[in-house]
file protein_30.txt (compact mmCIF, C-alpha atoms)
# COMPACT_ATOMS: atom_id res chain seq x y z
CA MET O 1 0.00 0.00 0.00
CA GLY O 2 2.95 2.33 0.64
CA ARG O 3 4.15 2.05 -2.96
CA LEU O 4 0.63 2.55 -4.30
CA ALA O 5 0.22 5.65 -2.13
CA TRP O 6 3.53 7.01 -3.46
CA LEU O 7 2.44 6.33 -7.03
CA ALA O 8 -0.93 7.96 -6.42
CA GLY O 9 0.82 11.05 -5.04
CA LEU O 10 3.18 11.25 -7.99
CA LEU O 11 0.33 10.79 -10.46
CA SER O 12 -1.64 13.55 -8.75
CA LEU O 13 1.35 15.85 -9.27
CA ALA O 14 1.41 14.88 -12.93
CA VAL O 15 -2.30 15.59 -13.26
CA THR O 16 -2.00 19.08 -11.75
CA GLY O 17 0.88 19.88 -14.09
CA LEU O 18 3.56 19.97 -11.39
CA ALA O 19 5.35 16.83 -12.58
CA ALA O 20 7.52 16.94 -15.67
CA GLN O 21 8.05 14.18 -18.19
CA ASP O 22 11.38 13.21 -16.55
CA ARG O 23 9.61 12.55 -13.22
CA ALA O 24 7.98 9.44 -14.57
CA ALA O 25 6.84 6.73 -12.17
CA MET O 26 7.98 3.14 -12.59
CA LEU O 27 4.75 1.21 -12.96
CA THR O 28 4.01 -2.50 -13.08
CA LEU O 29 0.90 -3.95 -14.67
CA ALA O 30 -0.54 -5.01 -11.31
CA GLU O 31 0.00 -1.52 -9.88
CA ALA O 32 -1.57 0.05 -12.95
CA GLU O 33 -4.68 -2.10 -12.56
CA GLN O 34 -5.00 -1.26 -8.86
CA LEU O 35 -4.59 2.45 -9.57
CA ALA O 36 -7.27 2.26 -12.25
CA LEU O 37 -9.70 0.54 -9.91
CA ARG O 38 -9.05 3.23 -7.32
CA ASN O 39 -9.21 6.22 -9.68
CA HIS O 40 -11.61 5.34 -12.46
CA PRO O 41 -15.08 6.90 -12.07
CA ARG O 42 -16.78 3.89 -13.68
CA ALA O 43 -15.43 1.64 -10.94
CA ALA O 44 -16.60 4.04 -8.24
CA ALA O 45 -20.05 4.40 -9.82
CA ALA O 46 -20.47 0.62 -10.14
CA ARG O 47 -19.46 0.09 -6.52
CA LEU O 48 -21.90 2.75 -5.29
CA LEU O 49 -24.75 1.30 -7.36
CA ALA O 50 -24.03 -2.17 -5.96
CA GLU O 51 -24.07 -0.79 -2.42
CA ALA O 52 -27.30 1.09 -3.13
CA ALA O 53 -28.91 -2.11 -4.47
CA LEU O 54 -28.31 -3.79 -1.11
CA GLU O 55 -30.75 -1.38 0.53
CA THR O 56 -33.78 -2.39 -1.55
CA PRO O 57 -34.15 -5.90 -0.01
CA ARG O 58 -33.92 -4.36 3.46
CA GLN O 59 -36.69 -1.92 2.57
CA THR O 60 -38.84 -4.79 1.29
CA ARG O 61 -38.30 -7.00 4.35
CA ALA O 62 -39.32 -4.03 6.51
CA LEU O 63 -42.89 -4.55 5.22
CA LEU O 64 -43.07 -7.62 7.48
CA ALA O 65 -41.76 -5.79 10.54
CA PRO O 66 -44.09 -4.12 13.02
CA VAL O 67 -44.75 -0.42 12.43
CA ILE O 68 -44.95 1.50 15.71
CA SER O 69 -45.98 5.14 15.78
CA GLY O 70 -46.36 7.62 18.62
CA HIS O 71 -49.20 10.15 18.66
CA LEU O 72 -49.97 13.43 20.37
CA THR O 73 -53.43 14.81 19.57
CA GLY O 74 -55.43 17.81 20.68
CA SER O 75 -58.82 19.05 19.49
CA VAL O 76 -61.50 21.61 20.24
CA ALA O 77 -65.07 20.64 19.38
CA GLU O 78 -68.67 21.19 20.31
CA ASN O 79 -68.98 18.52 22.93
CA GLY O 80 -71.70 15.91 22.64
CA THR O 81 -72.09 16.20 18.88
CA ARG O 82 -71.35 13.60 16.16
CA LEU O 83 -70.06 13.68 12.62
CA GLY O 84 -72.84 13.71 10.13
CA ALA O 85 -72.51 14.07 6.37
CA GLY O 86 -69.70 12.22 4.66
CA GLN O 87 -69.28 9.53 7.33
CA LEU O 88 -70.79 6.04 7.46
CA ASN O 89 -69.59 5.45 11.02
CA PRO O 90 -70.28 8.62 12.97
CA SER O 91 -68.07 9.26 15.97
CA SER O 92 -68.46 11.55 18.94
CA LEU O 93 -66.81 14.94 18.92
CA PHE O 94 -65.32 16.42 22.07
CA SER O 95 -62.50 18.64 23.12
CA ARG O 96 -59.50 16.66 24.37
CA THR O 97 -55.81 16.16 24.52
CA ALA O 98 -54.30 12.67 24.40
CA THR O 99 -51.06 10.79 23.95
CA GLY O 100 -50.65 7.22 22.78
CA PHE O 101 -49.12 4.86 20.25
CA SER O 102 -50.28 2.48 17.56
CA ILE O 103 -48.78 -0.70 16.20
CA ASN O 104 -49.49 -2.45 12.89
CA GLN O 105 -48.19 -5.87 11.93
CA VAL O 106 -48.68 -8.00 8.83
CA LEU O 107 -49.34 -11.53 10.10
CA TRP O 108 -49.56 -13.44 6.83
CA ASP O 109 -49.48 -12.47 3.16
CA PHE O 110 -49.00 -15.94 1.62
CA GLY O 111 -45.29 -15.26 0.99
CA ARG O 112 -45.67 -12.27 -1.31
CA VAL O 113 -43.20 -10.04 0.54
CA ARG O 114 -40.71 -12.89 0.89
CA ALA O 115 -40.84 -13.54 -2.86
CA LEU O 116 -40.47 -9.82 -3.53
CA SER O 117 -37.52 -9.67 -1.15
CA ALA O 118 -35.91 -12.65 -2.92
CA SER O 119 -36.30 -10.78 -6.20
CA PHE O 120 -34.50 -7.74 -4.82
CA ASP O 121 -31.82 -9.95 -3.25
CA ALA O 122 -31.13 -11.40 -6.69
CA ARG O 123 -31.05 -7.91 -8.20
CA ALA O 124 -28.55 -6.80 -5.56
CA ALA O 125 -26.38 -9.83 -6.30
CA GLY O 126 -26.66 -9.02 -10.00
CA ALA O 127 -25.59 -5.43 -9.32
CA ALA O 128 -22.51 -6.75 -7.51
CA ASP O 129 -21.73 -9.00 -10.48
CA SER O 130 -22.27 -6.07 -12.85
CA ALA O 131 -19.79 -4.07 -10.80
CA GLY O 132 -17.38 -6.97 -11.17
CA ALA O 133 -17.91 -6.94 -14.93
CA ILE O 134 -17.12 -3.23 -15.06
CA ARG O 135 -13.98 -3.78 -12.99
CA ALA O 136 -12.95 -6.50 -15.44
CA GLU O 137 -13.52 -4.13 -18.38
CA ILE O 138 -11.40 -1.47 -16.69
CA ARG O 139 -8.58 -3.93 -16.06
CA LEU O 140 -8.76 -5.17 -19.66
CA ARG O 141 -8.60 -1.58 -20.86
CA VAL O 142 -5.53 -1.00 -18.69
CA ARG O 143 -3.82 -4.14 -20.00
CA ASP O 144 -4.53 -3.18 -23.59
CA ALA O 145 -3.18 0.34 -23.12
CA TYR O 146 -0.22 -0.96 -21.07
CA PHE O 147 0.88 -3.48 -23.68
CA ARG O 148 0.32 -1.10 -26.58
CA ARG O 149 2.47 1.49 -24.85
CA LEU O 150 5.19 -1.17 -24.35
CA MET O 151 4.81 -2.09 -28.02
CA ALA O 152 5.29 1.53 -29.02
CA GLU O 153 8.43 1.72 -26.87
CA ALA O 154 9.81 -1.47 -28.42
CA GLN O 155 9.16 -0.11 -31.90
CA LEU O 156 10.79 3.17 -30.89
CA GLU O 157 13.92 1.37 -29.71
CA ALA O 158 14.15 -0.63 -32.95
CA LEU O 159 13.74 2.53 -35.03
CA ARG O 160 16.29 4.37 -32.91
CA GLN O 161 18.80 1.61 -33.58
CA ASN O 162 17.89 1.80 -37.26
CA LEU O 163 18.59 5.54 -37.31
CA GLU O 164 21.98 5.00 -35.65
CA THR O 165 22.82 2.33 -38.24
CA ARG O 166 21.75 4.56 -41.13
CA ARG O 167 23.78 7.48 -39.77
CA LEU O 168 26.83 5.24 -39.33
CA THR O 169 26.44 4.07 -42.92
CA GLN O 170 26.01 7.69 -43.97
CA ARG O 171 29.27 8.70 -42.28
CA GLN O 172 31.14 5.73 -43.75
CA ILE O 173 29.95 6.47 -47.28
CA ALA O 174 30.75 10.16 -46.82
CA ALA O 175 34.33 9.17 -45.93
CA LEU O 176 34.52 6.90 -48.97
CA VAL O 177 33.15 9.66 -51.21
CA SER O 178 35.75 12.09 -49.90
CA SER O 179 38.39 9.51 -50.83
CA ASN O 180 36.85 9.10 -54.29
CA LEU O 181 36.06 5.44 -53.51
CA ARG O 182 32.30 5.86 -53.83
CA SER O 183 30.09 8.09 -55.93
CA THR O 184 28.03 10.96 -54.65
CA LEU O 185 24.95 8.98 -55.71
CA ASP O 186 25.73 6.50 -52.95
CA LEU O 187 25.92 9.36 -50.48
CA SER O 188 22.56 10.71 -51.71
CA PHE O 189 20.94 7.33 -51.13
CA ALA O 190 22.53 7.15 -47.68
CA ASP O 191 21.25 10.65 -46.86
CA LEU O 192 17.77 9.65 -48.04
CA ALA O 193 17.81 6.48 -45.95
CA ALA O 194 18.88 8.44 -42.85
CA ALA O 195 16.13 11.02 -43.42
CA GLU O 196 13.53 8.29 -43.80
CA ALA O 197 14.79 6.61 -40.61
CA GLU O 198 14.53 9.93 -38.76
CA LEU O 199 10.96 10.38 -39.99
CA ALA O 200 10.02 6.88 -38.85
CA LEU O 201 11.58 7.59 -35.45
CA ASN O 202 9.54 10.77 -35.13
CA ARG O 203 6.33 8.84 -35.80
CA ALA O 204 7.34 6.24 -33.20
CA GLU O 205 7.96 8.97 -30.60
CA SER O 206 4.50 10.34 -31.35
CA ASP O 207 3.05 6.86 -30.84
CA VAL O 208 4.70 6.64 -27.41
CA ARG O 209 3.21 10.00 -26.40
CA ALA O 210 -0.19 8.84 -27.65
CA GLY O 211 0.29 5.67 -25.60
CA ASP O 212 0.81 7.84 -22.49
CA VAL O 213 -2.48 9.61 -23.20
CA ASP O 214 -4.31 6.32 -23.71
CA LEU O 215 -2.86 4.70 -20.58
CA SER O 216 -3.58 7.78 -18.46
CA ALA O 217 -7.21 7.70 -19.55
CA ALA O 218 -7.40 3.97 -18.76
CA LEU O 219 -6.08 4.74 -15.27
CA GLY O 220 -8.85 7.30 -14.75
CA LEU O 221 -6.54 10.33 -14.81
CA PRO O 222 -7.95 13.59 -16.20
CA ALA O 223 -4.59 14.54 -17.74
CA ALA O 224 -1.78 12.63 -19.44
CA ALA O 225 1.19 11.45 -17.39
CA HIS O 226 4.43 9.77 -18.45
CA PHE O 227 5.28 6.32 -17.11
CA LEU O 228 8.21 3.95 -17.07
CA LEU O 229 6.60 0.57 -17.59
CA ARG O 230 7.98 -2.73 -16.43
CA ASP O 231 7.77 -5.48 -19.01
CA GLU O 232 5.66 -8.58 -18.46
CA PRO O 233 6.68 -12.22 -19.07
CA ASP O 234 5.33 -14.14 -22.01
CA PRO O 235 1.97 -15.83 -21.32
CA GLU O 236 1.56 -19.56 -21.20
CA ALA O 237 0.38 -21.36 -24.31
CA ALA O 238 -3.38 -21.27 -24.75
CA PRO O 239 -5.23 -24.61 -24.78
CA ASP O 240 -6.46 -25.88 -28.11
CA SER O 241 -9.93 -27.08 -27.01
CA PRO O 242 -12.44 -24.22 -27.25
CA GLU O 243 -15.42 -26.11 -25.85
CA ALA O 244 -13.95 -26.47 -22.35
CA LEU O 245 -13.05 -22.78 -22.44
CA VAL O 246 -16.58 -21.81 -23.46
CA ALA O 247 -18.06 -23.78 -20.56
CA SER O 248 -15.59 -22.19 -18.17
CA ALA O 249 -16.39 -18.72 -19.48
CA ILE O 250 -20.15 -19.20 -19.06
CA ASP O 251 -19.57 -20.24 -15.45
CA SER O 252 -17.01 -17.54 -14.63
CA ARG O 253 -17.94 -14.39 -16.54
CA PRO O 254 -19.36 -11.74 -14.15
CA ASP O 255 -21.70 -10.34 -16.81
CA VAL O 256 -23.19 -13.82 -17.32
CA ARG O 257 -23.61 -14.22 -13.58
CA ALA O 258 -25.25 -10.79 -13.41
CA LEU O 259 -27.78 -11.70 -16.09
CA ARG O 260 -28.39 -15.05 -14.39
CA GLN O 261 -29.24 -13.13 -11.22
CA GLN O 262 -31.61 -10.95 -13.22
CA VAL O 263 -33.39 -14.09 -14.39
CA ARG O 264 -33.74 -15.21 -10.76
CA ALA O 265 -35.00 -11.76 -9.82
CA ALA O 266 -37.58 -11.78 -12.62
CA ARG O 267 -38.84 -15.22 -11.61
CA SER O 268 -39.12 -14.25 -7.93
CA PHE O 269 -40.93 -11.07 -8.89
CA ALA O 270 -43.34 -13.06 -11.06
CA GLU O 271 -43.99 -15.35 -8.09
CA SER O 272 -44.67 -12.30 -5.94
CA GLU O 273 -47.09 -10.92 -8.50
CA GLN O 274 -48.94 -14.26 -8.61
CA ARG O 275 -49.74 -13.86 -4.90
CA LEU O 276 -51.31 -10.44 -5.24
CA SER O 277 -54.81 -11.95 -5.39
CA ARG O 278 -54.37 -13.84 -2.09
CA PRO O 279 -55.67 -12.51 1.24
CA THR O 280 -53.57 -10.52 3.66
CA LEU O 281 -53.96 -10.96 7.41
CA SER O 282 -52.82 -8.08 9.59
CA ALA O 283 -53.17 -6.93 13.18
CA ALA O 284 -53.38 -3.48 14.71
CA GLY O 285 -53.31 -2.15 18.24
CA VAL O 286 -53.66 1.25 19.89
CA ALA O 287 -53.19 2.44 23.47
CA GLY O 288 -52.90 5.80 25.18
CA MET O 289 -54.09 8.21 27.82
CA PHE O 290 -56.29 11.28 27.77
CA GLY O 291 -55.28 14.56 29.30
CA PRO O 292 -57.79 16.77 31.11
CA SER O 293 -61.12 15.78 29.59
CA ASP O 294 -64.77 15.07 30.20
CA ALA O 295 -65.31 13.21 33.47
CA ASN O 296 -67.46 10.67 31.61
CA LEU O 297 -64.42 9.47 29.63
CA ARG O 298 -62.01 6.90 30.92
CA GLN O 299 -58.50 8.20 31.47
CA ARG O 300 -56.89 5.36 29.49
CA TYR O 301 -57.84 3.67 26.25
CA GLY O 302 -56.63 0.65 24.29
CA ALA O 303 -57.77 -1.77 21.59
CA VAL O 304 -56.45 -4.67 19.51
CA GLY O 305 -57.87 -5.99 16.28
CA VAL O 306 -57.14 -8.20 13.30
CA ASN O 307 -58.13 -7.69 9.69
CA LEU O 308 -58.35 -10.15 6.81
CA SER O 309 -58.24 -8.36 3.45
CA ILE O 310 -59.52 -10.48 0.55
CA PRO O 311 -59.14 -9.07 -2.99
CA LEU O 312 -62.30 -9.75 -4.98
CA PHE O 313 -62.27 -7.61 -8.12
CA ASN O 314 -60.04 -4.83 -9.43
CA GLY O 315 -60.72 -4.83 -13.14
CA GLY O 316 -58.18 -7.56 -13.96
CA GLN O 317 -55.20 -5.54 -12.76
CA PHE O 318 -53.64 -8.39 -10.78
CA ALA O 319 -53.99 -10.84 -13.68
CA SER O 320 -52.37 -8.34 -16.04
CA ARG O 321 -49.48 -7.70 -13.65
CA ARG O 322 -48.98 -11.45 -13.22
CA THR O 323 -48.87 -12.00 -16.99
CA GLU O 324 -46.48 -9.09 -17.49
CA ALA O 325 -44.09 -10.41 -14.84
CA GLN O 326 -44.13 -13.90 -16.34
CA LYS O 327 -43.38 -12.56 -19.82
CA ARG O 328 -40.52 -10.45 -18.49
CA ALA O 329 -39.07 -13.48 -16.72
CA GLU O 330 -39.23 -15.49 -19.93
CA ALA O 331 -37.61 -12.61 -21.84
CA ALA O 332 -34.80 -12.46 -19.27
CA GLN O 333 -34.20 -16.18 -19.77
CA GLU O 334 -33.94 -15.66 -23.52
CA ASP O 335 -31.52 -12.76 -22.96
CA LEU O 336 -29.38 -15.12 -20.88
CA ARG O 337 -29.36 -17.70 -23.67
CA ASP O 338 -28.38 -15.00 -26.15
CA LEU O 339 -25.51 -13.83 -23.95
CA GLU O 340 -24.25 -17.40 -23.54
CA LEU O 341 -24.24 -17.80 -27.33
CA ARG O 342 -22.32 -14.55 -27.75
CA VAL O 343 -19.84 -15.58 -25.06
CA GLY O 344 -19.23 -18.85 -26.90
CA ARG O 345 -18.68 -17.00 -30.17
CA ASP O 346 -16.35 -14.44 -28.58
CA VAL O 347 -14.26 -17.08 -26.80
CA ARG O 348 -13.80 -19.07 -30.00
CA LEU O 349 -12.90 -15.97 -32.03
CA VAL O 350 -10.41 -14.65 -29.48
CA LEU O 351 -8.85 -18.11 -29.15
CA VAL O 352 -8.28 -18.12 -32.92
CA GLU O 353 -6.72 -14.65 -32.67
CA VAL O 354 -4.42 -15.82 -29.83
CA GLN O 355 -3.28 -18.80 -31.86
CA ASN O 356 -2.73 -16.64 -34.94
CA ALA O 357 -0.74 -14.13 -32.89
CA ARG O 358 1.50 -16.90 -31.57
CA GLN O 359 2.04 -18.18 -35.11
CA ARG O 360 2.94 -14.65 -36.27
CA LEU O 361 5.42 -14.42 -33.39
CA GLU O 362 7.19 -17.55 -34.62
CA LEU O 363 7.09 -16.41 -38.25
CA THR O 364 8.41 -12.92 -37.52
CA ALA O 365 11.30 -14.47 -35.58
CA LYS O 366 12.21 -16.49 -38.67
CA VAL O 367 11.87 -13.42 -40.89
CA LEU O 368 14.11 -11.42 -38.54
CA ASP O 369 16.76 -14.13 -38.59
CA GLN O 370 16.70 -14.19 -42.39
CA ALA O 371 16.79 -10.38 -42.54
CA ASN O 372 19.88 -10.32 -40.30
CA ARG O 373 21.68 -12.81 -42.57
CA THR O 374 20.68 -10.84 -45.67
CA LEU O 375 21.92 -7.59 -44.13
CA ARG O 376 25.26 -9.11 -43.22
CA LEU O 377 25.64 -10.43 -46.77
CA ALA O 378 24.64 -7.10 -48.31
CA GLN O 379 27.04 -5.20 -46.04
CA THR O 380 29.88 -7.55 -46.94
CA ARG O 381 29.17 -7.25 -50.66
CA TYR O 382 29.01 -3.47 -50.42
CA ASP O 383 32.26 -3.26 -48.42
CA LEU O 384 33.94 -5.42 -51.08
CA GLY O 385 32.59 -3.28 -53.87
CA LEU O 386 30.43 -6.08 -55.24
CA GLY O 387 27.05 -4.69 -54.20
CA THR O 388 25.22 -1.42 -54.67
CA ILE O 389 23.94 1.07 -52.17
CA LEU O 390 20.38 0.09 -53.16
CA GLU O 391 21.05 -3.50 -52.09
CA LEU O 392 22.42 -2.33 -48.75
CA ALA O 393 19.58 0.16 -48.15
CA THR O 394 16.98 -2.47 -49.04
CA ALA O 395 18.59 -4.98 -46.69
CA GLN O 396 18.70 -2.41 -43.87
CA LEU O 397 15.05 -1.53 -44.42
CA SER O 398 14.04 -5.19 -44.46
CA ARG O 399 15.94 -5.83 -41.27
CA THR O 400 14.31 -2.83 -39.54
CA THR O 401 10.84 -3.87 -40.70
CA ALA O 402 11.44 -7.41 -39.46
CA GLU O 403 12.73 -6.11 -36.09
CA VAL O 404 9.68 -3.90 -35.62
CA SER O 405 7.33 -6.73 -36.62
CA ALA O 406 9.03 -9.21 -34.27
CA ARG O 407 8.85 -6.85 -31.30
CA SER O 408 5.26 -5.92 -32.09
CA ALA O 409 4.24 -9.57 -32.46
CA ARG O 410 5.25 -10.35 -28.87
CA TYR O 411 3.01 -7.63 -27.46
CA GLU O 412 0.24 -8.61 -29.86
CA VAL O 413 0.30 -12.02 -28.18
CA LEU O 414 0.06 -10.38 -24.75
CA ILE O 415 -2.86 -8.19 -25.91
CA ARG O 416 -4.75 -11.15 -27.39
CA GLN O 417 -4.08 -13.23 -24.28
CA ALA O 418 -5.50 -10.43 -22.13
CA GLN O 419 -8.62 -10.42 -24.30
CA LEU O 420 -8.89 -14.19 -23.92
CA ASP O 421 -8.52 -13.93 -20.14
CA PHE O 422 -11.30 -11.33 -20.14
CA GLN O 423 -13.59 -13.50 -22.25
CA LEU O 424 -12.94 -16.45 -19.90
CA GLY O 425 -13.73 -14.39 -16.81
CA ARG O 426 -10.19 -14.66 -15.44
CA ILE O 427 -9.90 -10.88 -15.13
CA ARG O 428 -11.97 -9.78 -12.15

call {"tool": "encode", "arguments": {"input": "protein_30.txt", "output": "structure tokens"}}
result
Amino acid sequence: MGRLAWLAGLLSLAVTGLAAQDRAAMLTLAEAEQLALRNHPRAAAARLLAEAALETPRQTRALLAPVISGHLTGSVAENGTRLGAGQLNPSSLFSRTATGFSINQVLWDFGRVRALSASFDARAAGAADSAGAIRAEIRLRVRDAYFRRLMAEAQLEALRQNLETRRLTQRQIAALVSSNLRSTLDLSFADLAAAEAELALNRAESDVRAGDVDLSAALGLPAAAHFLLRDEPDPEAAPDSPEALVASAIDSRPDVRALRQQVRAARSFAESEQRLSRPTLSAAGVAGMFGPSDANLRQRYGAVGVNLSIPLFNGGQFASRRTEAQKRAEAAQEDLRDLELRVGRDVRLVLVEVQNARQRLELTAKVLDQANRTLRLAQTRYDLGLGTILELATAQLSRTTAEVSARSARYEVLIRQAQLDFQLGRIR
């Protein structure tokens, strides 16, 4: 936690513009992910929504708890009179003051509140899983930006070496031209190759700066900061069987679990709606004491009663609500099936991309080896006066292209593996 706190402080300096590019923080992938989960507003919003969802089941279960209220009442009336118009049960009117309390308790509702509470429990669990899915997306975004920034740095290093090689060749040819051993045409081609290498290096430096912007946004920072990134080891080989991976993904993915909880919530809610037409048994009690009042009234009062409410007719509202809830539960089940199909497709596609990336890594290594041999041969031929500057420049360009491709291919494997881990639910 001490290192993370130091990094957070340094990043805050970078955000406020007080940190320069040379005050870059050394950052590992694990630290980058933790910083993103701490800083990113999507992670904070998802956590707060999950915490808010926990309150709804508590509110629902409170419907089964006793409701106790205290009362303080005072009135002035024409004593001895009764309510007339507008009342079926007339009551006596009199001036009084009184204090007391009332209690109301649902005794039995045929499980409607419990089913409703189970629905909200499932929704709260689904909100927690949805928060987990958002955290996984944030971590995937960090890994993608992290590896692409490392890829840009690797390409920059290869192009920097290429520029040094081209400038060395340029100086050597310039010396040969001054000794009348080579033509000025050779020097022109060398100058052109050096200029092209410098242009490619400039583009690579721009890519690194763009990588800083992308990574800073993935970390949840409002401004770009420069980082020194620690490289990651090569991932293990991916398994060849996609079906086992698909089954694992369906069981592990937080978004699938969230939708599965929504199906449970919809079914529990439908069960709750089915019990709307059943009776509700409740009890009520009151007790209190009058203040100074008519001598004919008792000083204390109290009563207890029970009530059985039986729905008889409401224009078909309950039947309509029951049908709506059942249809929504069935629709949620179909949405779950659709998501499982999409997960299976995505896992299979990403697995193919991982395998292709690994094959490209092997092929680019072979191409690089061949390009190195070709460059050595071209350099030897040119030094002996048997080859042309075009042969040497072409060999240097091929070697640089192969070096950039080989370095990029390694990080492409890491990016595809991160996507596979996300699809399998391994990133949480």

call {"tool": "residues_around", "arguments": {"input": "protein_30.txt", "residues": "Leu229 of chain O", "least_positions_apart": "5", "cutoff": "10 Å", "atoms": "only C-alpha atoms", "output": "PyMOL selection string"}}
result
chain O and resi 24-29+32+146-147+149-150+153

call {"tool": "residues_around", "arguments": {"input": "protein_30.txt", "residues": "Ala128 of chain O", "least_positions_apart": "4", "cutoff": "7 Å", "atoms": "only C-alpha atoms", "output": "CSV table (one decimal) with C-alpha atoms, in the frame of the given file"}}
result
chain,number,residue,atom,x,y,z
O,50,ALA,CA,-24.0,-2.2,-6.0
O,124,ALA,CA,-28.6,-6.8,-5.6
O,132,GLY,CA,-17.4,-7.0,-11.2

call {"tool": "closest_residue", "arguments": {"input": "protein_30.txt", "among": "O:Ala210, O:Ala237, O:Leu297, O:Val76", "to": "Leu93 of chain O", "atoms": "all atoms listed in the file"}}
result
O:Val76

call {"tool": "residues_around", "arguments": {"input": "protein_30.txt", "residues": "Leu259 of chain O", "least_positions_apart": "6", "cutoff": "9 Å", "atoms": "all atoms listed in the file", "output": "PyMOL selection string"}}
result
chain O and resi 126+129-130+332-333+335-336+339

call {"tool": "residues_around", "arguments": {"input": "protein_30.txt", "residues": "Pro279 of chain O", "least_positions_apart": "2", "cutoff": "7 Å", "atoms": "all atoms listed in the file", "output": "list of chain:residue names"}}
result
O:Asp109, O:Ser277, O:Leu281, O:Leu308, O:Ser309, O:Ile310, O:Pro311

call {"tool": "residues_around", "arguments": {"input": "protein_30.txt", "residues": "Ser282 of chain O", "least_positions_apart": "2", "cutoff": "7 Å", "atoms": "only C-alpha atoms", "output": "list in words"}}
result
Gln105, Val106, Leu107, Trp108, Thr280, Ala284, Val306, Asn307 and Leu308 of chain O

call {"tool": "closest_residue", "arguments": {"input": "protein_30.txt", "among": "O:Asp369, O:Ser102, O:Asp346, O:Gln326", "to": "Tyr301 of chain O", "atoms": "only C-alpha atoms"}}
result
O:Ser102

call {"tool": "closest_residue", "arguments": {"input": "protein_30.txt", "among": "O:Val263, O:Ala43, O:Ala158, O:Leu312", "to": "Arg399 of chain O", "atoms": "all atoms listed in the file"}}
result
O:Ala158

call {"tool": "axis_aligned_box", "arguments": {"input": "protein_30.txt", "around": "segment 404-414 of chain O", "padding_each_side": "8 Å", "output": "AutoDock Vina command-line options"}}
result
--center_x 4.9 --center_y -8.0 --center_z -30.7 --size_x 25.6 --size_y 24.1 --size_z 27.9

call {"tool": "residues_near_point", "arguments": {"input": "protein_30.txt", "point": "(-28.5, -4.4, -7.5)", "cutoff": "8 Å", "atoms": "only C-alpha atoms", "output": "ChimeraX atom specification"}}
result
/O:49-54,120-128

call {"tool": "atom_distance", "arguments": {"input": "protein_30.txt", "atom1": "atom CA of Thr364 of chain O", "atom2": "atom CA of Ser408 of chain O"}}
result
9.4 Å

call {"tool": "atom_distance", "arguments": {"input": "protein_30.txt", "atom1": "atom CA of Val142 of chain O", "atom2": "atom CA of Ala218 of chain O"}}
result
5.3 Å

call {"tool": "decode", "arguments": {"input": "protein_30.txt", "residues": "segment 261-298 of chain O", "atoms": "C-alpha atoms", "output": "PDB file, in the first residue's frame"}}
result
ATOM      1  CA  GLN O 261     -29.238 -13.129 -11.220  1.00  0.00           C
ATOM      2  CA  GLN O 262     -31.609 -10.953 -13.219  1.00  0.00           C
ATOM      3  CA  VAL O 263     -33.393 -14.089 -14.390  1.00  0.00           C
ATOM      4  CA  ARG O 264     -33.739 -15.205 -10.760  1.00  0.00           C
ATOM      5  CA  ALA O 265     -35.001 -11.759  -9.816  1.00  0.00           C
ATOM      6  CA  ALA O 266     -37.576 -11.784 -12.616  1.00  0.00           C
ATOM      7  CA  ARG O 267     -38.842 -15.223 -11.609  1.00  0.00           C
ATOM      8  CA  SER O 268     -39.123 -14.254  -7.929  1.00  0.00           C
ATOM      9  CA  PHE O 269     -40.932 -11.067  -8.888  1.00  0.00           C
ATOM     10  CA  ALA O 270     -43.339 -13.064 -11.055  1.00  0.00           C
ATOM     11  CA  GLU O 271     -43.990 -15.351  -8.094  1.00  0.00           C
ATOM     12  CA  SER O 272     -44.668 -12.301  -5.941  1.00  0.00           C
ATOM     13  CA  GLU O 273     -47.095 -10.921  -8.504  1.00  0.00           C
ATOM     14  CA  GLN O 274     -48.944 -14.261  -8.612  1.00  0.00           C
ATOM     15  CA  ARG O 275     -49.736 -13.856  -4.904  1.00  0.00           C
ATOM     16  CA  LEU O 276     -51.311 -10.436  -5.241  1.00  0.00           C
ATOM     17  CA  SER O 277     -54.808 -11.952  -5.389  1.00  0.00           C
ATOM     18  CA  ARG O 278     -54.368 -13.839  -2.095  1.00  0.00           C
ATOM     19  CA  PRO O 279     -55.668 -12.512   1.240  1.00  0.00           C
ATOM     20  CA  THR O 280     -53.571 -10.522   3.663  1.00  0.00           C
ATOM     21  CA  LEU O 281     -53.964 -10.962   7.411  1.00  0.00           C
ATOM     22  CA  SER O 282     -52.820  -8.082   9.590  1.00  0.00           C
ATOM     23  CA  ALA O 283     -53.168  -6.933  13.182  1.00  0.00           C
ATOM     24  CA  ALA O 284     -53.381  -3.477  14.707  1.00  0.00           C
ATOM     25  CA  GLY O 285     -53.310  -2.145  18.239  1.00  0.00           C
ATOM     26  CA  VAL O 286     -53.665   1.251  19.893  1.00  0.00           C
ATOM     27  CA  ALA O 287     -53.186   2.445  23.466  1.00  0.00           C
ATOM     28  CA  GLY O 288     -52.896   5.798  25.184  1.00  0.00           C
ATOM     29  CA  MET O 289     -54.086   8.211  27.819  1.00  0.00           C
ATOM     30  CA  PHE O 290     -56.294  11.281  27.774  1.00  0.00           C
ATOM     31  CA  GLY O 291     -55.282  14.555  29.301  1.00  0.00           C
ATOM     32  CA  PRO O 292     -57.788  16.767  31.112  1.00  0.00           C
ATOM     33  CA  SER O 293     -61.117  15.779  29.587  1.00  0.00           C
ATOM     34  CA  ASP O 294     -64.770  15.070  30.199  1.00  0.00           C
ATOM     35  CA  ALA O 295     -65.306  13.214  33.466  1.00  0.00           C
ATOM     36  CA  ASN O 296     -67.463  10.675  31.606  1.00  0.00           C
ATOM     37  CA  LEU O 297     -64.422   9.466  29.625  1.00  0.00           C
ATOM     38  CA  ARG O 298     -62.013   6.902  30.921  1.00  0.00           C
TER      39      ARG O 298
END
